[in-house]
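Have a look at start.pdb; it's PDB, C-alpha atoms:
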```
ATOM      1  CA  SER V   1     -15.399   2.788  17.281
ATOM      2  CA  GLY V   2     -14.164   1.967  20.753
ATOM      3  CA  THR V   3     -12.093  -0.952  21.928
ATOM      4  CA  ARG V   4     -13.350  -4.207  20.354
ATOM      5  CA  SER V   5     -16.468  -2.471  19.050
ATOM      6  CA  THR V   6     -18.882  -3.866  16.475
ATOM      7  CA  PHE V   7     -21.760  -2.186  14.674
ATOM      8  CA  GLY V   8     -25.261  -3.573  14.333
ATOM      9  CA  THR V   9     -28.909  -2.604  14.190
ATOM     10  CA  PHE V  10     -31.727  -4.210  16.116
ATOM     11  CA  GLY V  11     -35.488  -3.878  15.826
ATOM     12  CA  THR V  12     -37.263  -1.242  13.765
ATOM     13  CA  VAL V  13     -35.623   2.100  13.047
ATOM     14  CA  THR V  14     -38.191   4.876  13.505
ATOM     15  CA  GLY V  15     -35.980   7.957  13.453
ATOM     16  CA  PRO V  16     -33.103   9.394  11.406
ATOM     17  CA  VAL V  17     -30.119   7.097  10.938
ATOM     18  CA  THR V  18     -26.583   8.462  11.046
ATOM     19  CA  GLY V  19     -24.283   6.562   8.712
ATOM     20  CA  LEU V  20     -20.685   5.648   9.447
ATOM     21  CA  ASP V  21     -19.500   7.983   6.714
ATOM     22  CA  THR V  22     -20.823  10.958   8.675
ATOM     23  CA  SER V  23     -20.092   9.762  12.216
ATOM     24  CA  LEU V  24     -16.963   7.594  12.372
ATOM     25  CA  SER V  25     -13.801   9.341  13.542
ATOM     26  CA  THR V  26     -11.788   6.587  15.258
ATOM     27  CA  ILE V  27     -11.248   2.836  14.928
ATOM     28  CA  GLY V  28     -10.182   1.943  18.448
ATOM     29  CA  GLN V  29      -7.391  -0.439  19.413
ATOM     30  CA  GLY V  30      -8.758  -3.960  18.959
ATOM     31  CA  GLY V  31     -11.657  -2.665  16.849
ATOM     32  CA  THR V  32     -12.290  -3.378  13.172
ATOM     33  CA  LEU V  33     -13.968  -1.545  10.336
ATOM     34  CA  ALA V  34     -14.420  -4.047   7.485
ATOM     35  CA  LEU V  35     -15.634  -2.651   4.169
ATOM     36  CA  ALA V  36     -16.730  -5.414   1.813
ATOM     37  CA  SER V  37     -16.894  -5.181  -1.966
ATOM     38  CA  GLY V  38     -19.354  -2.503  -3.035
ATOM     39  CA  ARG V  39     -19.335  -0.649   0.286
ATOM     40  CA  ASN V  40     -17.266   2.464  -0.445
ATOM     41  CA  PHE V  41     -16.567   5.005   2.288
ATOM     42  CA  ALA V  42     -16.254   8.777   1.862
ATOM     43  CA  ALA V  43     -15.799  11.353   4.618
ATOM     44  CA  ALA V  44     -14.391  14.883   4.622
ATOM     45  CA  ARG V  45     -13.057  14.758   8.196
ATOM     46  CA  ASN V  46      -9.904  13.156   9.599
ATOM     47  CA  ILE V  47     -10.017   9.537  10.764
ATOM     48  CA  THR V  48      -7.722   7.718  13.198
ATOM     49  CA  ASP V  49      -7.101   3.983  12.853
ATOM     50  CA  ALA V  50      -5.722   2.335  15.988
ATOM     51  CA  GLY V  51      -7.249  -1.064  15.125
ATOM     52  CA  LEU V  52      -7.907  -2.653  11.733
ATOM     53  CA  LEU V  53      -9.281  -1.043   8.605
ATOM     54  CA  SER V  54     -10.024  -3.975   6.280
ATOM     55  CA  LEU V  55     -10.669  -3.135   2.626
ATOM     56  CA  GLY V  56     -12.371  -5.607   0.300
ATOM     57  CA  GLY V  57     -11.799  -3.974  -3.065
ATOM     58  CA  VAL V  58     -13.452  -0.679  -2.138
ATOM     59  CA  ALA V  59     -12.750   3.054  -2.340
ATOM     60  CA  PHE V  60     -11.971   4.726   0.987
ATOM     61  CA  SER V  61     -11.539   8.491   1.041
ATOM     62  CA  THR V  62     -11.172  10.931   3.905
ATOM     63  CA  GLY V  63      -9.585  14.285   4.627
ATOM     64  CA  ALA V  64      -6.665  12.644   6.399
ATOM     65  CA  LEU V  65      -6.001   9.151   7.714
ATOM     66  CA  SER V  66      -3.846   8.653  10.804
ATOM     67  CA  VAL V  67      -2.707   5.053  11.314
ATOM     68  CA  ALA V  68      -1.515   4.632  14.905
ATOM     69  CA  ALA V  69       1.321   2.338  15.973
ATOM     70  CA  THR V  70      -1.308  -0.302  16.817
ATOM     71  CA  GLY V  71      -3.226   0.281  13.601
ATOM     72  CA  THR V  72      -3.352  -1.645  10.342
ATOM     73  CA  VAL V  73      -4.853  -0.943   6.939
ATOM     74  CA  ALA V  74      -5.079  -4.178   4.948
ATOM     75  CA  GLY V  75      -6.664  -5.484   1.788
ATOM     76  CA  THR V  76      -7.351  -4.194  -1.706
ATOM     77  CA  GLY V  77      -8.911  -1.078  -3.155
ATOM     78  CA  THR V  78      -8.113   2.625  -3.199
ATOM     79  CA  VAL V  79      -7.306   4.877  -0.253
ATOM     80  CA  THR V  80      -7.468   8.588  -1.043
ATOM     81  CA  ALA V  81      -6.150  10.687   1.839
ATOM     82  CA  ALA V  82      -3.108  12.380   3.270
ATOM     83  CA  ILE V  83      -1.806   9.483   5.371
ATOM     84  CA  SER V  84       0.218   9.600   8.579
ATOM     85  CA  ASN V  85       1.307   6.008   9.153
ATOM     86  CA  ALA V  86       2.927   4.841  12.386
ATOM     87  CA  GLY V  87       1.585   1.299  11.965
ATOM     88  CA  LEU V  88       1.170  -1.044   8.984
ATOM     89  CA  ILE V  89      -0.408  -0.621   5.567
ATOM     90  CA  HIS V  90      -0.606  -4.057   3.950
ATOM     91  CA  ALA V  91      -1.442  -4.949   0.335
ATOM     92  CA  THR V  92      -3.057  -8.386   0.227
ATOM     93  CA  GLY V  93      -4.678 -10.357  -2.569
ATOM     94  CA  SER V  94      -4.734  -7.782  -5.362
ATOM     95  CA  THR V  95      -4.024  -4.054  -5.818
ATOM     96  CA  LEU V  96      -3.991  -1.516  -3.004
ATOM     97  CA  LEU V  97      -3.664   2.007  -4.416
ATOM     98  CA  LEU V  98      -2.655   4.818  -2.068
ATOM     99  CA  VAL V  99      -3.512   8.253  -3.454
ATOM    100  CA  GLY V 100      -1.798  10.971  -1.435
ATOM    101  CA  GLY V 101       1.443  11.491   0.421
ATOM    102  CA  ILE V 102       2.427   9.195   3.303
ATOM    103  CA  THR V 103       4.418  10.342   6.322
ATOM    104  CA  GLY V 104       5.434   8.718   9.602
ATOM    105  CA  ALA V 105       7.640   5.864  10.771
ATOM    106  CA  GLY V 106       5.341   2.970   9.841
ATOM    107  CA  THR V 107       5.748   0.229   7.241
ATOM    108  CA  LEU V 108       4.144  -0.608   3.905
ATOM    109  CA  ALA V 109       3.971  -4.366   3.192
ATOM    110  CA  ILE V 110       3.229  -6.433   0.090
ATOM    111  CA  ASP V 111       2.066 -10.061   0.016
ATOM    112  CA  PRO V 112       2.797 -12.472  -2.841
ATOM    113  CA  ALA V 113       0.442 -11.859  -5.809
ATOM    114  CA  ALA V 114      -0.477  -8.453  -4.375
ATOM    115  CA  LYS V 115       0.386  -5.010  -5.729
ATOM    116  CA  LEU V 116       0.987  -1.836  -3.739
ATOM    117  CA  GLU V 117       0.673   1.295  -5.870
ATOM    118  CA  LEU V 118       2.044   4.576  -4.532
ATOM    119  CA  ASN V 119       0.576   7.670  -6.153
ATOM    120  CA  GLY V 120       2.058  10.251  -3.756
ATOM    121  CA  ALA V 121       5.373  10.971  -2.112
ATOM    122  CA  THR V 122       6.712   8.903   0.780
ATOM    123  CA  ALA V 123       9.929   7.885   2.517
ATOM    124  CA  GLN V 124       8.384   4.882   4.289
ATOM    125  CA  THR V 125       9.942   1.430   4.187
ATOM    126  CA  VAL V 126       8.280  -0.996   1.763
ATOM    127  CA  ALA V 127       8.600  -4.656   2.795
ATOM    128  CA  PHE V 128       8.080  -7.491   0.327
ATOM    129  CA  ASN V 129       6.827 -10.561   2.177
ATOM    130  CA  PRO V 130       8.439 -13.883   1.103
ATOM    131  CA  GLY V 131       7.182 -15.348  -2.155
ATOM    132  CA  THR V 132       5.091 -18.504  -2.381
ATOM    133  CA  LEU V 133       4.951 -21.450  -4.770
ATOM    134  CA  ALA V 134       1.822 -21.826  -6.902
ATOM    135  CA  ASN V 135       1.756 -24.850  -9.214
ATOM    136  CA  GLY V 136       5.530 -24.992  -9.110
ATOM    137  CA  THR V 137       5.982 -21.290  -9.946
ATOM    138  CA  LEU V 138       7.378 -18.760  -7.489
ATOM    139  CA  VAL V 139       4.924 -15.901  -6.997
ATOM    140  CA  GLY V 140       6.080 -12.526  -5.714
ATOM    141  CA  GLY V 141       4.610  -9.112  -5.048
ATOM    142  CA  THR V 142       4.678  -5.837  -6.981
ATOM    143  CA  LEU V 143       5.539  -2.323  -5.896
ATOM    144  CA  LYS V 144       4.274   0.223  -8.423
ATOM    145  CA  ILE V 145       5.584   3.763  -7.999
ATOM    146  CA  ASP V 146       3.618   6.147 -10.188
ATOM    147  CA  THR V 147       6.309   8.863 -10.031
ATOM    148  CA  ALA V 148       9.666   7.279  -9.307
ATOM    149  CA  SER V 149      11.297  10.388  -7.822
ATOM    150  CA  ASN V 150       8.513  10.598  -5.207
ATOM    151  CA  TYR V 151       9.767   7.457  -3.460
ATOM    152  CA  THR V 152      12.703   8.126  -1.121
ATOM    153  CA  GLY V 153      12.320   5.192   1.264
ATOM    154  CA  THR V 154      13.981   1.778   1.438
ATOM    155  CA  VAL V 155      12.708  -1.503  -0.007
ATOM    156  CA  THR V 156      13.265  -4.656   2.051
ATOM    157  CA  GLY V 157      12.722  -8.305   1.182
ATOM    158  CA  PHE V 158      13.125  -7.761  -2.573
ATOM    159  CA  ALA V 159      13.705 -11.223  -4.049
ATOM    160  CA  PRO V 160      13.260 -13.285  -7.232
ATOM    161  CA  ALA V 161       9.674 -13.026  -8.574
ATOM    162  CA  ASP V 162       9.160  -9.605  -6.943
ATOM    163  CA  THR V 163       8.622  -6.557  -9.187
ATOM    164  CA  ILE V 164       9.370  -2.869  -8.810
ATOM    165  CA  ASP V 165       7.444  -0.880 -11.433
ATOM    166  CA  LEU V 166       8.726   2.659 -12.060
ATOM    167  CA  ALA V 167       5.558   3.615 -13.863
ATOM    168  CA  ASN V 168       6.566   6.989 -15.310
ATOM    169  CA  LEU V 169       9.963   5.894 -16.648
ATOM    170  CA  ILE V 170      11.214   3.740 -19.506
ATOM    171  CA  ILE V 171      14.251   1.847 -18.219
ATOM    172  CA  SER V 172      16.896   0.451 -20.544
ATOM    173  CA  THR V 173      19.050  -1.445 -18.034
ATOM    174  CA  ALA V 174      19.328  -1.825 -14.279
ATOM    175  CA  SER V 175      21.890  -3.011 -11.763
ATOM    176  CA  ILE V 176      22.390  -3.291  -8.036
ATOM    177  CA  ALA V 177      25.364  -1.548  -6.481
ATOM    178  CA  GLY V 178      25.661  -2.342  -2.794
ATOM    179  CA  ASP V 179      22.265  -1.502  -1.310
ATOM    180  CA  THR V 180      21.012   0.544  -4.251
ATOM    181  CA  LEU V 181      19.012  -0.389  -7.325
ATOM    182  CA  ILE V 182      20.213   1.835 -10.160
ATOM    183  CA  ALA V 183      17.842   2.106 -13.117
ATOM    184  CA  ASN V 184      19.237   3.625 -16.316
ATOM    185  CA  ILE V 185      16.569   5.715 -18.005
ATOM    186  CA  SER V 186      16.122   5.427 -21.739
ATOM    187  CA  GLY V 187      17.319   8.721 -23.193
ATOM    188  CA  GLY V 188      19.645   9.487 -20.281
ATOM    189  CA  GLY V 189      19.758   9.769 -16.529
ATOM    190  CA  THR V 190      19.301   7.305 -13.689
ATOM    191  CA  GLN V 191      16.816   6.588 -10.931
ATOM    192  CA  ALA V 192      17.954   5.044  -7.657
ATOM    193  CA  VAL V 193      15.935   2.964  -5.208
ATOM    194  CA  ALA V 194      17.431   2.033  -1.828
ATOM    195  CA  LEU V 195      17.351  -1.684  -0.967
ATOM    196  CA  THR V 196      18.349  -3.883   1.945
ATOM    197  CA  GLY V 197      19.401  -7.505   1.519
ATOM    198  CA  ALA V 198      21.925  -9.713  -0.274
ATOM    199  CA  PHE V 199      21.574  -9.830  -4.040
ATOM    200  CA  GLY V 200      23.032 -12.038  -6.750
ATOM    201  CA  ALA V 201      24.180 -10.659 -10.069
ATOM    202  CA  ASP V 202      21.291 -12.299 -11.958
ATOM    203  CA  ILE V 203      18.384 -11.096  -9.821
ATOM    204  CA  LEU V 204      17.258  -8.303 -12.180
ATOM    205  CA  LYS V 205      15.208  -8.506 -15.349
ATOM    206  CA  VAL V 206      14.032  -5.337 -17.077
ATOM    207  CA  THR V 207      10.676  -5.477 -18.893
ATOM    208  CA  GLY V 208       7.955  -3.036 -19.894
ATOM    209  CA  ASP V 209       4.882  -2.803 -17.678
ATOM    210  CA  GLY V 210       2.425  -2.844 -20.567
ATOM    211  CA  ALA V 211       1.701   0.848 -20.112
ATOM    212  CA  THR V 212       4.149   3.773 -19.988
ATOM    213  CA  GLY V 213       6.807   2.535 -17.586
ATOM    214  CA  THR V 214       9.182  -0.268 -16.666
TER
END
```
Same coordinates, now as structure tokens:
Amino acid sequence: SGTRSTFGTFGTVTGPVTGLDTSLSTIGQGGTLALASGRNFAAARNITDAGLLSLGGVAFSTGALSVAATGTVAGTGTVTAAISNAGLIHATGSTLLLVGGITGAGTLAIDPAAKLELNGATAQTVAFNPGTLANGTLVGGTLKIDTASNYTGTVTGFAPADTIDLANLIISTASIAGDTLIANISGGGTQAVALTGAFGADILKVTGDGATGT
């Protein structure tokens, strides 16, 4: 779509209709593609997002997704693509699963009560947004890393009520040394995650994730 474009149909359609899945290649700066619940999107070609790709609990798949510096991907659902991110990918509301590697100098962000799940390799910064109070309880966000060694970026904003889930590892204990979270793996070995911020000695609590990791 072009700058500030919208899509609509008017009158009676008498000829073949080309769907967005087969025609869309670019979301222009200032434009929005909003996919509501139940409206999945699948395309084999590459797509550029210089505006807003809003996901409402849907599956979005494409050959490759390029998020420009002015672009944002936000919401919940599953994105399956090789992603080049120079902008913002933002988990809001529930779970946003990214299937595929992520390159570029952009940022991944997590709202309170939201979960960002990384299935592929990336060195991008993950930013936890500040927690919120709900009925007197502090609510944070969750970063789930399906394969811990695939994440080589830095986590910012990590605070009480936030969770980092190293999904493929069972962790016995963890500590923070300087700007590094050091997770001691049950059975031997460690996994490090780079952090930025000031941390107290009692910030960490190690628990199982209810599946195969910690």
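Nearest residue to Val206 in chain V among V:Ala177, V:Ala183, V:Ala167, V:Ala123 is V:Ala183, counting all atoms listed in the file.
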(request) Taking the file as shown, find all residues satisfying the PyMOL selection byres ((chain V and resi 169) around 12) and write them as JSON, numbers by chain. (result) {"V": [144, 145, 146, 147, 148, 149, 164, 165, 166, 167, 168, 170, 171, 172, 173, 183, 184, 185, 186, 187, 188, 189, 190, 191, 206, 207, 208, 209, 211, 212, 213, 214]}
Could you write out as a PDB file with C-alpha atoms, keeping the file's coordinate frame the residues that the PyMOL selection byres ((chain V and resi 96) around 7) matches in the shown file?
```
ATOM      1  CA  GLY V  75      -6.664  -5.484   1.788  1.00  0.00           C
ATOM      2  CA  THR V  76      -7.351  -4.194  -1.706  1.00  0.00           C
ATOM      3  CA  GLY V  77      -8.911  -1.078  -3.155  1.00  0.00           C
ATOM      4  CA  THR V  78      -8.113   2.625  -3.199  1.00  0.00           C
ATOM      5  CA  ALA V  91      -1.442  -4.949   0.335  1.00  0.00           C
ATOM      6  CA  SER V  94      -4.734  -7.782  -5.362  1.00  0.00           C
ATOM      7  CA  THR V  95      -4.024  -4.054  -5.818  1.00  0.00           C
ATOM      8  CA  LEU V  97      -3.664   2.007  -4.416  1.00  0.00           C
ATOM      9  CA  LEU V  98      -2.655   4.818  -2.068  1.00  0.00           C
ATOM     10  CA  LYS V 115       0.386  -5.010  -5.729  1.00  0.00           C
ATOM     11  CA  LEU V 116       0.987  -1.836  -3.739  1.00  0.00           C
ATOM     12  CA  GLU V 117       0.673   1.295  -5.870  1.00  0.00           C
TER      13      GLU V 117
END
```
(request) Spell out the residues picked by the PyMOL selection byres ((chain V and resi 160-162) around 6) here, as an MDAnalysis selection string. (result) chainID V and resid 139:142 159 163
(message) Ranking V:Gly153, V:Ala194, V:Val79, V:Ala43 by minimum distance to Ile182 in chain V and counting only C-alpha atoms, which one comes first?
(response) V:Ala194
(request) May I ask which of the residues V:Ala81, V:Ala50, V:Val126, V:Leu88 is the closest one to Thr156 in chain V, counting all atoms listed in the file? (result)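 Closest candidate: V:Val126.
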(message) When you count all atoms listed in the file, which of these residues is closest to Ile27 in chain V: V:Ser66, V:Ser61, V:Ser175, V:Asn40?
(response)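 Of V:Ser66, V:Ser61, V:Ser175, V:Asn40, the one nearest Ile27 in chain V is V:Ser66, counting all atoms listed in the file.
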